[in-house]
Each structure stands twice: as structure tokens, then as C-alpha cells.
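Undergrad: Sharing entry-v8.cif here; it has mmCIF, C-alpha atoms, pLDDT in the B column; chains and numbers go by the auth columns.
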```cif
data_structure
loop_
_atom_site.group_PDB
_atom_site.id
_atom_site.type_symbol
_atom_site.label_atom_id
_atom_site.label_comp_id
_atom_site.label_asym_id
_atom_site.label_seq_id
_atom_site.Cartn_x
_atom_site.Cartn_y
_atom_site.Cartn_z
_atom_site.B_iso_or_equiv
_atom_site.auth_seq_id
_atom_site.auth_asym_id
ATOM 1 C CA ASP A 1 -17.473 14.167 2.621 83.00 1 A
ATOM 2 C CA LEU A 2 -14.639 12.481 0.690 93.00 2 A
ATOM 3 C CA PRO A 3 -15.765 9.958 -1.959 93.00 3 A
ATOM 4 C CA THR A 4 -15.570 6.320 -0.882 93.00 4 A
ATOM 5 C CA LEU A 5 -15.259 3.166 -2.927 91.00 5 A
ATOM 6 C CA ALA A 6 -18.487 1.269 -3.433 86.00 6 A
ATOM 7 C CA ALA A 7 -18.809 -2.145 -1.822 85.00 7 A
ATOM 8 C CA GLY A 8 -18.745 -5.254 -3.983 89.00 8 A
ATOM 9 C CA GLY A 9 -15.382 -4.852 -5.678 92.00 9 A
ATOM 10 C CA CYS A 10 -12.743 -7.480 -6.347 95.00 10 A
ATOM 11 C CA PRO A 11 -11.679 -8.963 -2.992 92.00 11 A
ATOM 12 C CA ARG A 12 -8.083 -9.313 -4.209 95.00 12 A
ATOM 13 C CA CYS A 13 -7.349 -5.908 -5.796 94.00 13 A
ATOM 14 C CA ALA A 14 -10.347 -3.689 -4.830 94.00 14 A
ATOM 15 C CA LEU A 15 -11.268 -3.008 -8.454 92.00 15 A
ATOM 16 C CA PRO A 16 -14.930 -1.958 -8.297 90.00 16 A
ATOM 17 C CA GLY A 17 -17.849 -3.500 -10.145 88.00 17 A
ATOM 18 C CA THR A 18 -17.073 -7.209 -9.828 92.00 18 A
ATOM 19 C CA ALA A 19 -19.989 -8.087 -7.508 93.00 19 A
ATOM 20 C CA GLY A 20 -17.545 -9.257 -4.837 92.00 20 A
ATOM 21 C CA VAL A 21 -15.829 -11.917 -6.947 94.00 21 A
ATOM 22 C CA PRO A 22 -12.207 -11.767 -8.132 95.00 22 A
ATOM 23 C CA CYS A 23 -11.755 -9.745 -11.310 94.00 23 A
ATOM 24 C CA GLY A 24 -10.448 -11.369 -14.484 94.00 24 A
ATOM 25 C CA ALA A 25 -6.908 -10.082 -13.944 92.00 25 A
ATOM 26 C CA CYS A 26 -6.742 -11.544 -10.420 95.00 26 A
ATOM 27 C CA GLN A 27 -8.161 -14.842 -11.655 95.00 27 A
ATOM 28 C CA ARG A 28 -5.564 -15.048 -14.448 95.00 28 A
ATOM 29 C CA ARG A 29 -2.616 -13.918 -12.311 93.00 29 A
ATOM 30 C CA PRO A 30 -3.443 -13.851 -8.587 96.00 30 A
ATOM 31 C CA PRO A 31 -1.340 -11.301 -6.704 96.00 31 A
ATOM 32 C CA HIS A 32 0.932 -12.405 -3.882 97.00 32 A
ATOM 33 C CA PHE A 33 -1.123 -10.409 -1.386 98.00 33 A
ATOM 34 C CA ASP A 34 -4.335 -12.001 -0.128 97.00 34 A
ATOM 35 C CA ALA A 35 -6.603 -8.960 -0.217 96.00 35 A
ATOM 36 C CA LEU A 36 -6.438 -5.248 -0.926 96.00 36 A
ATOM 37 C CA TYR A 37 -8.650 -2.732 0.845 95.00 37 A
ATOM 38 C CA ALA A 38 -8.988 0.887 -0.213 96.00 38 A
ATOM 39 C CA LEU A 39 -10.907 3.684 1.417 95.00 39 A
ATOM 40 C CA HIS A 40 -11.244 6.167 -1.450 96.00 40 A
ATOM 41 C CA PRO A 41 -11.037 6.282 -5.231 96.00 41 A
ATOM 42 C CA TYR A 42 -7.904 8.141 -6.307 96.00 42 A
ATOM 43 C CA ARG A 43 -9.617 11.181 -7.793 95.00 43 A
ATOM 44 C CA PHE A 44 -10.377 14.741 -6.739 95.00 44 A
ATOM 45 C CA PRO A 45 -10.114 15.786 -3.942 97.00 45 A
ATOM 46 C CA VAL A 46 -8.340 12.703 -2.528 97.00 46 A
ATOM 47 C CA ASP A 47 -5.617 12.883 -5.189 97.00 47 A
ATOM 48 C CA ARG A 48 -4.815 16.465 -4.145 97.00 48 A
ATOM 49 C CA LEU A 49 -4.667 15.491 -0.474 97.00 49 A
ATOM 50 C CA VAL A 50 -2.244 12.651 -1.219 97.00 50 A
ATOM 51 C CA GLN A 51 -0.072 15.000 -3.287 96.00 51 A
ATOM 52 C CA GLN A 52 -0.101 17.610 -0.501 97.00 52 A
ATOM 53 C CA LEU A 53 1.062 14.929 1.921 97.00 53 A
ATOM 54 C CA LYS A 54 3.829 13.551 -0.307 93.00 54 A
ATOM 55 C CA TYR A 55 5.139 16.702 -1.940 93.00 55 A
ATOM 56 C CA GLY A 56 3.864 19.485 0.307 95.00 56 A
ATOM 57 C CA HIS A 57 4.967 17.887 3.600 93.00 57 A
ATOM 58 C CA GLN A 58 1.461 18.257 5.063 96.00 58 A
ATOM 59 C CA LEU A 59 1.881 15.516 7.684 96.00 59 A
ATOM 60 C CA ALA A 60 -1.449 16.313 9.358 97.00 60 A
ATOM 61 C CA ILE A 61 -3.050 14.699 6.306 97.00 61 A
ATOM 62 C CA ALA A 62 -1.227 11.444 7.137 97.00 62 A
ATOM 63 C CA ARG A 63 -2.682 11.524 10.642 97.00 63 A
ATOM 64 C CA HIS A 64 -6.168 12.006 9.195 97.00 64 A
ATOM 65 C CA PHE A 65 -5.666 9.120 6.753 98.00 65 A
ATOM 66 C CA GLY A 66 -4.367 6.845 9.515 97.00 66 A
ATOM 67 C CA ARG A 67 -7.378 7.535 11.708 97.00 67 A
ATOM 68 C CA ALA A 68 -9.754 7.120 8.746 96.00 68 A
ATOM 69 C CA LEU A 69 -8.257 3.717 7.898 97.00 69 A
ATOM 70 C CA ALA A 70 -8.598 2.423 11.470 96.00 70 A
ATOM 71 C CA PRO A 71 -12.195 1.104 11.217 94.00 71 A
ATOM 72 C CA LEU A 72 -11.285 -0.739 8.012 90.00 72 A
ATOM 73 C CA CYS A 73 -8.196 -2.260 9.640 91.00 73 A
ATOM 74 C CA ALA A 74 -10.048 -3.240 12.794 88.00 74 A
ATOM 75 C CA ALA A 75 -12.021 -5.747 10.723 88.00 75 A
ATOM 76 C CA ILE A 76 -8.815 -7.382 9.451 93.00 76 A
ATOM 77 C CA ASP A 77 -7.279 -9.899 11.828 91.00 77 A
ATOM 78 C CA ALA A 78 -3.665 -8.829 11.268 96.00 78 A
ATOM 79 C CA GLU A 79 -0.871 -9.148 13.811 96.00 79 A
ATOM 80 C CA ARG A 80 1.579 -6.496 12.661 97.00 80 A
ATOM 81 C CA ILE A 81 1.659 -3.442 10.384 98.00 81 A
ATOM 82 C CA VAL A 82 4.372 -3.003 7.756 98.00 82 A
ATOM 83 C CA PRO A 83 4.525 0.388 6.005 98.00 83 A
ATOM 84 C CA MET A 84 5.471 0.220 2.320 97.00 84 A
ATOM 85 C CA PRO A 85 9.245 0.865 2.324 96.00 85 A
ATOM 86 C CA LEU A 86 10.811 3.755 0.423 93.00 86 A
ATOM 87 C CA HIS A 87 14.236 3.466 -1.149 91.00 87 A
ATOM 88 C CA PRO A 88 16.836 5.344 0.978 91.00 88 A
ATOM 89 C CA GLY A 89 17.498 7.784 -1.877 90.00 89 A
ATOM 90 C CA ARG A 90 13.810 8.669 -2.179 89.00 90 A
ATOM 91 C CA LEU A 91 13.543 8.891 1.610 91.00 91 A
ATOM 92 C CA ALA A 92 16.473 11.339 1.727 92.00 92 A
ATOM 93 C CA GLU A 93 14.938 13.366 -1.082 91.00 93 A
ATOM 94 C CA ARG A 94 11.455 13.544 0.473 92.00 94 A
ATOM 95 C CA GLY A 95 12.494 13.588 4.114 93.00 95 A
ATOM 96 C CA PHE A 96 9.847 11.110 5.258 95.00 96 A
ATOM 97 C CA ASN A 97 7.998 7.966 4.219 96.00 97 A
ATOM 98 C CA GLN A 98 4.331 8.878 3.721 97.00 98 A
ATOM 99 C CA ALA A 99 3.259 5.275 4.383 97.00 99 A
ATOM 100 C CA LEU A 100 5.069 5.276 7.736 98.00 100 A
ATOM 101 C CA GLU A 101 3.442 8.595 8.664 97.00 101 A
ATOM 102 C CA ILE A 102 -0.006 7.109 7.928 98.00 102 A
ATOM 103 C CA VAL A 103 0.909 3.993 9.913 98.00 103 A
ATOM 104 C CA ARG A 104 1.901 6.011 13.010 96.00 104 A
ATOM 105 C CA ALA A 105 -1.687 7.199 13.466 95.00 105 A
ATOM 106 C CA LEU A 106 -3.191 3.899 12.322 97.00 106 A
ATOM 107 C CA SER A 107 -1.195 1.813 14.809 96.00 107 A
ATOM 108 C CA ARG A 108 -2.284 4.028 17.697 94.00 108 A
ATOM 109 C CA GLU A 109 -5.934 3.584 16.708 94.00 109 A
ATOM 110 C CA CYS A 110 -5.697 -0.181 16.076 93.00 110 A
ATOM 111 C CA ARG A 111 -3.141 -0.957 18.793 93.00 111 A
ATOM 112 C CA LEU A 112 -1.050 -3.055 16.428 95.00 112 A
ATOM 113 C CA PRO A 113 2.753 -3.146 16.511 96.00 113 A
ATOM 114 C CA VAL A 114 4.614 -1.571 13.603 97.00 114 A
ATOM 115 C CA ASP A 115 7.544 -3.207 11.845 97.00 115 A
ATOM 116 C CA SER A 116 9.318 -0.540 9.811 95.00 116 A
ATOM 117 C CA ARG A 117 12.852 -1.945 10.018 94.00 117 A
ATOM 118 C CA HIS A 118 12.910 -5.484 8.637 96.00 118 A
ATOM 119 C CA CYS A 119 11.510 -4.943 5.150 96.00 119 A
ATOM 120 C CA ARG A 120 13.488 -2.541 2.967 95.00 120 A
ATOM 121 C CA ARG A 121 13.415 -1.243 -0.550 93.00 121 A
ATOM 122 C CA THR A 122 16.874 -2.096 -1.829 91.00 122 A
ATOM 123 C CA ARG A 123 16.666 -1.035 -5.438 84.00 123 A
ATOM 124 C CA ALA A 124 15.871 2.418 -6.777 79.00 124 A
ATOM 125 C CA THR A 125 13.367 1.735 -9.535 75.00 125 A
ATOM 126 C CA ALA A 126 12.309 3.906 -12.433 66.00 126 A
ATOM 127 C CA PRO A 127 9.102 5.875 -11.828 64.00 127 A
ATOM 128 C CA GLN A 128 6.047 3.673 -12.335 64.00 128 A
ATOM 129 C CA GLU A 129 3.979 6.419 -13.922 66.00 129 A
ATOM 130 C CA GLY A 130 3.216 5.700 -17.564 67.00 130 A
ATOM 131 C CA LEU A 131 4.244 2.028 -17.401 69.00 131 A
ATOM 132 C CA ASN A 132 1.780 -0.732 -18.277 71.00 132 A
ATOM 133 C CA PRO A 133 1.080 -3.411 -15.634 69.00 133 A
ATOM 134 C CA GLU A 134 3.641 -5.905 -16.990 74.00 134 A
ATOM 135 C CA ALA A 135 6.351 -3.224 -17.207 76.00 135 A
ATOM 136 C CA ARG A 136 5.528 -2.169 -13.641 74.00 136 A
ATOM 137 C CA ARG A 137 6.010 -5.749 -12.417 74.00 137 A
ATOM 138 C CA LYS A 138 9.349 -6.070 -14.213 79.00 138 A
ATOM 139 C CA ASN A 139 10.464 -2.680 -12.896 75.00 139 A
ATOM 140 C CA LEU A 140 9.826 -3.796 -9.309 83.00 140 A
ATOM 141 C CA ARG A 141 11.213 -7.324 -9.495 85.00 141 A
ATOM 142 C CA ASN A 142 13.537 -7.926 -6.509 86.00 142 A
ATOM 143 C CA ALA A 143 13.164 -4.318 -5.329 89.00 143 A
ATOM 144 C CA PHE A 144 12.538 -5.387 -1.712 94.00 144 A
ATOM 145 C CA ALA A 145 14.538 -7.341 0.856 95.00 145 A
ATOM 146 C CA CYS A 146 13.713 -8.642 4.293 96.00 146 A
ATOM 147 C CA ASP A 147 15.930 -9.753 7.167 95.00 147 A
ATOM 148 C CA THR A 148 13.512 -11.472 9.521 96.00 148 A
ATOM 149 C CA ASP A 149 11.260 -14.527 9.623 97.00 149 A
ATOM 150 C CA TYR A 150 7.615 -13.569 10.037 97.00 150 A
ATOM 151 C CA GLY A 151 6.778 -17.051 11.325 95.00 151 A
ATOM 152 C CA GLY A 152 3.282 -17.522 9.902 97.00 152 A
ATOM 153 C CA ARG A 153 2.021 -14.064 10.863 97.00 153 A
ATOM 154 C CA HIS A 154 -0.746 -12.124 9.135 98.00 154 A
ATOM 155 C CA LEU A 155 0.777 -8.780 8.079 98.00 155 A
ATOM 156 C CA LEU A 156 -0.969 -5.558 7.178 98.00 156 A
ATOM 157 C CA LEU A 157 0.969 -3.787 4.416 98.00 157 A
ATOM 158 C CA VAL A 158 0.011 -0.089 4.286 98.00 158 A
ATOM 159 C CA ASP A 159 0.566 2.424 1.494 97.00 159 A
ATOM 160 C CA ASP A 160 -0.982 5.669 0.306 97.00 160 A
ATOM 161 C CA VAL A 161 -2.173 4.684 -3.196 96.00 161 A
ATOM 162 C CA ALA A 162 -2.564 1.484 -5.211 94.00 162 A
ATOM 163 C CA THR A 163 -2.460 1.994 -8.962 89.00 163 A
ATOM 164 C CA THR A 164 -1.949 -1.456 -10.486 86.00 164 A
ATOM 165 C CA GLY A 165 -0.927 -3.074 -7.190 90.00 165 A
ATOM 166 C CA ALA A 166 2.528 -3.964 -8.573 90.00 166 A
ATOM 167 C CA SER A 167 4.457 -2.502 -5.616 92.00 167 A
ATOM 168 C CA ALA A 168 2.191 -4.223 -3.104 95.00 168 A
ATOM 169 C CA ASP A 169 2.438 -7.470 -5.070 95.00 169 A
ATOM 170 C CA GLU A 170 6.241 -7.489 -5.095 95.00 170 A
ATOM 171 C CA CYS A 171 6.513 -6.446 -1.445 97.00 171 A
ATOM 172 C CA ALA A 172 3.981 -9.132 -0.455 98.00 172 A
ATOM 173 C CA ARG A 173 6.001 -11.701 -2.414 97.00 173 A
ATOM 174 C CA THR A 174 9.067 -10.758 -0.368 97.00 174 A
ATOM 175 C CA LEU A 175 7.168 -10.851 2.936 98.00 175 A
ATOM 176 C CA LYS A 176 5.734 -14.287 2.156 98.00 176 A
ATOM 177 C CA ALA A 177 9.165 -15.555 1.129 97.00 177 A
ATOM 178 C CA HIS A 178 10.180 -14.608 4.692 98.00 178 A
ATOM 179 C CA GLY A 179 7.450 -16.541 6.448 98.00 179 A
ATOM 180 C CA ALA A 180 4.315 -14.352 6.360 98.00 180 A
ATOM 181 C CA ALA A 181 1.232 -16.554 6.082 98.00 181 A
ATOM 182 C CA ARG A 182 -1.047 -13.753 4.859 98.00 182 A
ATOM 183 C CA VAL A 183 -0.507 -10.226 3.619 98.00 183 A
ATOM 184 C CA SER A 184 -3.462 -7.867 3.534 98.00 184 A
ATOM 185 C CA VAL A 185 -2.856 -4.545 1.813 98.00 185 A
ATOM 186 C CA VAL A 186 -4.575 -1.377 2.991 97.00 186 A
ATOM 187 C CA VAL A 187 -4.328 1.851 1.023 98.00 187 A
ATOM 188 C CA VAL A 188 -5.894 5.255 1.343 98.00 188 A
ATOM 189 C CA ALA A 189 -6.866 5.357 -2.327 97.00 189 A
ATOM 190 C CA ARG A 190 -7.206 3.055 -5.322 96.00 190 A
ATOM 191 C CA THR A 191 -6.653 4.309 -8.860 93.00 191 A
ATOM 192 C CA LEU A 192 -9.599 3.303 -11.019 90.00 192 A
ATOM 193 C CA PRO A 193 -9.446 2.494 -14.721 82.00 193 A
ATOM 194 C CA GLU A 194 -10.574 5.269 -17.022 73.00 194 A
ATOM 195 C CA ARG A 195 -13.950 4.662 -18.595 56.00 195 A
#
```
Would you write the structure of this file as C-alpha cells?

TA:
Amino acid sequence: DLPTLAAGGCPRCALPGTAGVPCGACQRRPPHFDALYALHPYRFPVDRLVQQLKYGHQLAIARHFGRALAPLCAAIDAERIVPMPLHPGRLAERGFNQALEIVRALSRECRLPVDSRHCRRTRATAPQEGLNPEARRKNLRNAFACDTDYGGRHLLLVDDVATTGASADECARTLKAHGAARVSVVVVARTLPER
């Protein structure tokens, strides 16, 4: 019964209402990722579920999200799943990476290998909340590092929420700089612009 995103959004950033063509922002400045897929709009009650997972340590919600994302991911011809990395300080503070917890269930359903060791978040960035899209991009510049060559693979980058897509964009840039041919982003929820 959770709300789902309507079909026919931007194929690059999942912004709804573009009749399946790239939105103006993606045409002006294409992101480094090749496509973004989202299951739900980030609004009630999905926003509360995500917050319960991240801040309430309700890991059963991650398992639900991973299983719910599996049909979406099955249609994407990816070779490996990469959970969005958390900075070690944030990981120590929270005790777990919510993206990795979602990926654990997702990988079992999709039977795809998980790579959670080679891509890291190396810089603790200021909170993204309240920043405009350009400030978000600057805040995240060079926040990720990678120590492997992905050798032309198609990677599935998984996170809980996409707001502007700045984190996914910067992480995808890093993955492609290390040999990934394609990066498809899959998130549980997509923040929608206020009307």
C-alpha cells in the first residue's frame, strides 16, 4: 500500500512528469550515472520508514526495502552491487550503513555479488540538508575514493534516498574514473520538488 512513483519520469534522475524524456536539468548537466530508478516518492509514510531505519535502528525495514527493490533491479543488467559508502565517522556514530543493509537483502533476491570494500567515502562532508543543488555538488566533490579497476562492468549503486542526486553523481563519477562502463542508481525513495 506504499505510494509508488508514476511511470514516465526522467530516465536519468527519476524526476516525474517528463513523459520519459530527460528533464531540463539532466539535459543541461547530465549526471555521471546513466540512470536512476526509485521505488517510492519520499513522502509519508515512506519518509518515516526511512527515518526509522536510519535513526531508529529498525533493520527489518532494510530487509523489506531490499526485497521490494528486487523486481526493479532484476530488469537492470548490472554485474555487481555497490552500496553507497558512509564516511567512517558517520558509520561509527550510526553503527551501520543503511544502504549496505538494504543491499544484503537485495543481493540475495537478485543473486548479484556485492562490493562494499573498494569504494569508500573518504571525506566527512557537511550535511546536505538545506543546500541548493550546486552547493551540494561542491560539498561532495572528491568525497569518494576507489582502489580497484571495475574493468568495463555495469554497477548498481544502491542508496536509501535520492534528493538532488548529488551523492550518487559524485560516487558514480568516482566509479567511472575506476573503469565502470555504466552506473545505474537504485534508491528506495526519490525526493520530489515541492509544488

Undergrad: Using the chain letters and numbers from the file, which residues does the PyMOL selection byres ((chain A and resi 97) around 12) grab, as a PDB file with C-alpha atoms, in the frame of the given file?

TA:
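As a result, selection-v7.pdb now contains:
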```
ATOM      1  CA  LEU A  53       1.062  14.929   1.921  1.00 97.00           C
ATOM      2  CA  LYS A  54       3.829  13.551  -0.307  1.00 93.00           C
ATOM      3  CA  TYR A  55       5.139  16.702  -1.940  1.00 93.00           C
ATOM      4  CA  HIS A  57       4.967  17.887   3.600  1.00 93.00           C
ATOM      5  CA  LEU A  59       1.881  15.516   7.684  1.00 96.00           C
ATOM      6  CA  ALA A  62      -1.227  11.444   7.137  1.00 97.00           C
ATOM      7  CA  PRO A  83       4.525   0.388   6.005  1.00 98.00           C
ATOM      8  CA  MET A  84       5.471   0.220   2.320  1.00 97.00           C
ATOM      9  CA  PRO A  85       9.245   0.865   2.324  1.00 96.00           C
ATOM     10  CA  LEU A  86      10.811   3.755   0.423  1.00 93.00           C
ATOM     11  CA  HIS A  87      14.236   3.466  -1.149  1.00 91.00           C
ATOM     12  CA  PRO A  88      16.836   5.344   0.978  1.00 91.00           C
ATOM     13  CA  GLY A  89      17.498   7.784  -1.877  1.00 90.00           C
ATOM     14  CA  ARG A  90      13.810   8.669  -2.179  1.00 89.00           C
ATOM     15  CA  LEU A  91      13.543   8.891   1.610  1.00 91.00           C
ATOM     16  CA  ALA A  92      16.473  11.339   1.727  1.00 92.00           C
ATOM     17  CA  GLU A  93      14.938  13.366  -1.082  1.00 91.00           C
ATOM     18  CA  ARG A  94      11.455  13.544   0.473  1.00 92.00           C
ATOM     19  CA  GLY A  95      12.494  13.588   4.114  1.00 93.00           C
ATOM     20  CA  PHE A  96       9.847  11.110   5.258  1.00 95.00           C
ATOM     21  CA  GLN A  98       4.331   8.878   3.721  1.00 97.00           C
ATOM     22  CA  ALA A  99       3.259   5.275   4.383  1.00 97.00           C
ATOM     23  CA  LEU A 100       5.069   5.276   7.736  1.00 98.00           C
ATOM     24  CA  GLU A 101       3.442   8.595   8.664  1.00 97.00           C
ATOM     25  CA  ILE A 102      -0.006   7.109   7.928  1.00 98.00           C
ATOM     26  CA  VAL A 103       0.909   3.993   9.913  1.00 98.00           C
ATOM     27  CA  ARG A 104       1.901   6.011  13.010  1.00 96.00           C
ATOM     28  CA  SER A 116       9.318  -0.540   9.811  1.00 95.00           C
ATOM     29  CA  ARG A 120      13.488  -2.541   2.967  1.00 95.00           C
ATOM     30  CA  ARG A 121      13.415  -1.243  -0.550  1.00 93.00           C
ATOM     31  CA  VAL A 158       0.011  -0.089   4.286  1.00 98.00           C
ATOM     32  CA  ASP A 159       0.566   2.424   1.494  1.00 97.00           C
ATOM     33  CA  ASP A 160      -0.982   5.669   0.306  1.00 97.00           C
TER      34      ASP A 160
END
```

Undergrad: Do you know which residues are at most 10 Å from Ser107 (chain A) counting only C-alpha atoms, after dropping those on the same chain fewer than 4 positions away, and could you put them as a compact mmCIF listing (two decimals) with C-alpha atoms, in the coordinates of the input?

TA:
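Everything below was put into out.txt:
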```
# COMPACT_ATOMS: atom_id res chain seq x y z
CA GLY A 66 -4.37 6.84 9.52
CA ARG A 67 -7.38 7.54 11.71
CA ALA A 70 -8.60 2.42 11.47
CA CYS A 73 -8.20 -2.26 9.64
CA ARG A 80 1.58 -6.50 12.66
CA ILE A 81 1.66 -3.44 10.38
CA ILE A 102 -0.01 7.11 7.93
CA VAL A 103 0.91 3.99 9.91
CA ARG A 111 -3.14 -0.96 18.79
CA LEU A 112 -1.05 -3.06 16.43
CA PRO A 113 2.75 -3.15 16.51
CA VAL A 114 4.61 -1.57 13.60
```

Undergrad: Would you kindly translate the PyMOL selection byres ((chain A and resi 166-169) around 12) into the concrete residues it picks from this file, as a VMD selection string?

TA: chain A and resid 12 to 13 26 29 to 37 82 to 86 121 125 127 to 129 131 to 144 156 to 165 170 to 176 183 to 187

Undergrad: Kindly save the residues from that selection, with C-alpha atoms included, as a PDB file, in the frame of the given file.

TA:
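Produced file out-v6.pdb, reproduced below:
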```pdb
ATOM      1  CA  ARG A  12      -8.083  -9.313  -4.209  1.00 95.00           C
ATOM      2  CA  CYS A  13      -7.349  -5.908  -5.796  1.00 94.00           C
ATOM      3  CA  CYS A  26      -6.742 -11.544 -10.420  1.00 95.00           C
ATOM      4  CA  ARG A  29      -2.616 -13.918 -12.311  1.00 93.00           C
ATOM      5  CA  PRO A  30      -3.443 -13.851  -8.587  1.00 96.00           C
ATOM      6  CA  PRO A  31      -1.340 -11.301  -6.704  1.00 96.00           C
ATOM      7  CA  HIS A  32       0.932 -12.405  -3.882  1.00 97.00           C
ATOM      8  CA  PHE A  33      -1.123 -10.409  -1.386  1.00 98.00           C
ATOM      9  CA  ASP A  34      -4.335 -12.001  -0.128  1.00 97.00           C
ATOM     10  CA  ALA A  35      -6.603  -8.960  -0.217  1.00 96.00           C
ATOM     11  CA  LEU A  36      -6.438  -5.248  -0.926  1.00 96.00           C
ATOM     12  CA  TYR A  37      -8.650  -2.732   0.845  1.00 95.00           C
ATOM     13  CA  VAL A  82       4.372  -3.003   7.756  1.00 98.00           C
ATOM     14  CA  PRO A  83       4.525   0.388   6.005  1.00 98.00           C
ATOM     15  CA  MET A  84       5.471   0.220   2.320  1.00 97.00           C
ATOM     16  CA  PRO A  85       9.245   0.865   2.324  1.00 96.00           C
ATOM     17  CA  LEU A  86      10.811   3.755   0.423  1.00 93.00           C
ATOM     18  CA  ARG A 121      13.415  -1.243  -0.550  1.00 93.00           C
ATOM     19  CA  THR A 125      13.367   1.735  -9.535  1.00 75.00           C
ATOM     20  CA  PRO A 127       9.102   5.875 -11.828  1.00 64.00           C
ATOM     21  CA  GLN A 128       6.047   3.673 -12.335  1.00 64.00           C
ATOM     22  CA  GLU A 129       3.979   6.419 -13.922  1.00 66.00           C
ATOM     23  CA  LEU A 131       4.244   2.028 -17.401  1.00 69.00           C
ATOM     24  CA  ASN A 132       1.780  -0.732 -18.277  1.00 71.00           C
ATOM     25  CA  PRO A 133       1.080  -3.411 -15.634  1.00 69.00           C
ATOM     26  CA  GLU A 134       3.641  -5.905 -16.990  1.00 74.00           C
ATOM     27  CA  ALA A 135       6.351  -3.224 -17.207  1.00 76.00           C
ATOM     28  CA  ARG A 136       5.528  -2.169 -13.641  1.00 74.00           C
ATOM     29  CA  ARG A 137       6.010  -5.749 -12.417  1.00 74.00           C
ATOM     30  CA  LYS A 138       9.349  -6.070 -14.213  1.00 79.00           C
ATOM     31  CA  ASN A 139      10.464  -2.680 -12.896  1.00 75.00           C
ATOM     32  CA  LEU A 140       9.826  -3.796  -9.309  1.00 83.00           C
ATOM     33  CA  ARG A 141      11.213  -7.324  -9.495  1.00 85.00           C
ATOM     34  CA  ASN A 142      13.537  -7.926  -6.509  1.00 86.00           C
ATOM     35  CA  ALA A 143      13.164  -4.318  -5.329  1.00 89.00           C
ATOM     36  CA  PHE A 144      12.538  -5.387  -1.712  1.00 94.00           C
ATOM     37  CA  LEU A 156      -0.969  -5.558   7.178  1.00 98.00           C
ATOM     38  CA  LEU A 157       0.969  -3.787   4.416  1.00 98.00           C
ATOM     39  CA  VAL A 158       0.011  -0.089   4.286  1.00 98.00           C
ATOM     40  CA  ASP A 159       0.566   2.424   1.494  1.00 97.00           C
ATOM     41  CA  ASP A 160      -0.982   5.669   0.306  1.00 97.00           C
ATOM     42  CA  VAL A 161      -2.173   4.684  -3.196  1.00 96.00           C
ATOM     43  CA  ALA A 162      -2.564   1.484  -5.211  1.00 94.00           C
ATOM     44  CA  THR A 163      -2.460   1.994  -8.962  1.00 89.00           C
ATOM     45  CA  THR A 164      -1.949  -1.456 -10.486  1.00 86.00           C
ATOM     46  CA  GLY A 165      -0.927  -3.074  -7.190  1.00 90.00           C
ATOM     47  CA  GLU A 170       6.241  -7.489  -5.095  1.00 95.00           C
ATOM     48  CA  CYS A 171       6.513  -6.446  -1.445  1.00 97.00           C
ATOM     49  CA  ALA A 172       3.981  -9.132  -0.455  1.00 98.00           C
ATOM     50  CA  ARG A 173       6.001 -11.701  -2.414  1.00 97.00           C
ATOM     51  CA  THR A 174       9.067 -10.758  -0.368  1.00 97.00           C
ATOM     52  CA  LEU A 175       7.168 -10.851   2.936  1.00 98.00           C
ATOM     53  CA  LYS A 176       5.734 -14.287   2.156  1.00 98.00           C
ATOM     54  CA  VAL A 183      -0.507 -10.226   3.619  1.00 98.00           C
ATOM     55  CA  SER A 184      -3.462  -7.867   3.534  1.00 98.00           C
ATOM     56  CA  VAL A 185      -2.856  -4.545   1.813  1.00 98.00           C
ATOM     57  CA  VAL A 186      -4.575  -1.377   2.991  1.00 97.00           C
ATOM     58  CA  VAL A 187      -4.328   1.851   1.023  1.00 98.00           C
TER      59      VAL A 187
END
```

Undergrad: If I wrap all listed atoms of region 181-194 of chain A in a box with edges along x, y and z and add 5 Å on each side, what are its centre and edge lengths in Å to one decimal, as lines of an AutoDock Vina configuration file?

TA:
```
center_x = -4.7
center_y = -5.6
center_z = -5.5
size_x = 21.8
size_y = 31.9
size_z = 33.1
```

Undergrad: Which residue, A:Gly179, A:Pro193, A:Pro45, A:Pro3, has the smallest gap to Leu15 (chain A) when you use all atoms listed in the file?

TA: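 Among the listed residues, the smallest separation from Leu15 (chain A) belongs to A:Pro193.
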
Undergrad: For the file shown, report as a PDB file with C-alpha atoms, keeping the file's coordinate frame the outcome of the PyMOL selection byres ((chain A and resi 20) around 12) at residue level.

TA:
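The result, stored in out.pdb:
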```pdb
ATOM      1  CA  ALA A   6     -18.487   1.269  -3.433  1.00 86.00           C
ATOM      2  CA  ALA A   7     -18.809  -2.145  -1.822  1.00 85.00           C
ATOM      3  CA  GLY A   8     -18.745  -5.254  -3.983  1.00 89.00           C
ATOM      4  CA  GLY A   9     -15.382  -4.852  -5.678  1.00 92.00           C
ATOM      5  CA  CYS A  10     -12.743  -7.480  -6.347  1.00 95.00           C
ATOM      6  CA  PRO A  11     -11.679  -8.963  -2.992  1.00 92.00           C
ATOM      7  CA  ARG A  12      -8.083  -9.313  -4.209  1.00 95.00           C
ATOM      8  CA  CYS A  13      -7.349  -5.908  -5.796  1.00 94.00           C
ATOM      9  CA  ALA A  14     -10.347  -3.689  -4.830  1.00 94.00           C
ATOM     10  CA  LEU A  15     -11.268  -3.008  -8.454  1.00 92.00           C
ATOM     11  CA  PRO A  16     -14.930  -1.958  -8.297  1.00 90.00           C
ATOM     12  CA  GLY A  17     -17.849  -3.500 -10.145  1.00 88.00           C
ATOM     13  CA  THR A  18     -17.073  -7.209  -9.828  1.00 92.00           C
ATOM     14  CA  ALA A  19     -19.989  -8.087  -7.508  1.00 93.00           C
ATOM     15  CA  VAL A  21     -15.829 -11.917  -6.947  1.00 94.00           C
ATOM     16  CA  PRO A  22     -12.207 -11.767  -8.132  1.00 95.00           C
ATOM     17  CA  CYS A  23     -11.755  -9.745 -11.310  1.00 94.00           C
ATOM     18  CA  ALA A  35      -6.603  -8.960  -0.217  1.00 96.00           C
TER      19      ALA A  35
END
```

Undergrad: Just the residues within 9 Å of Asp147 (chain A), please, counting all atoms listed in the file, with nothing from its chain fewer than 3 positions along; format it as a PyMOL selection string.

TA: chain A and resi 117-120+178

Undergrad: So how many Å separate CA of Asp77 (chain A) and CA of Glu109 (chain A), to one decimal?

TA: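 CA of Glu109 (chain A) lies at a distance of 14.4 Å from CA of Asp77 (chain A).
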
Undergrad: Could you state the separation of CA of Arg43 (chain A) and CA of Ala74 (chain A) in Å, given to one decimal place?

TA: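 We find that CA of Arg43 (chain A) and CA of Ala74 (chain A) lie 25.1 Å from each other.
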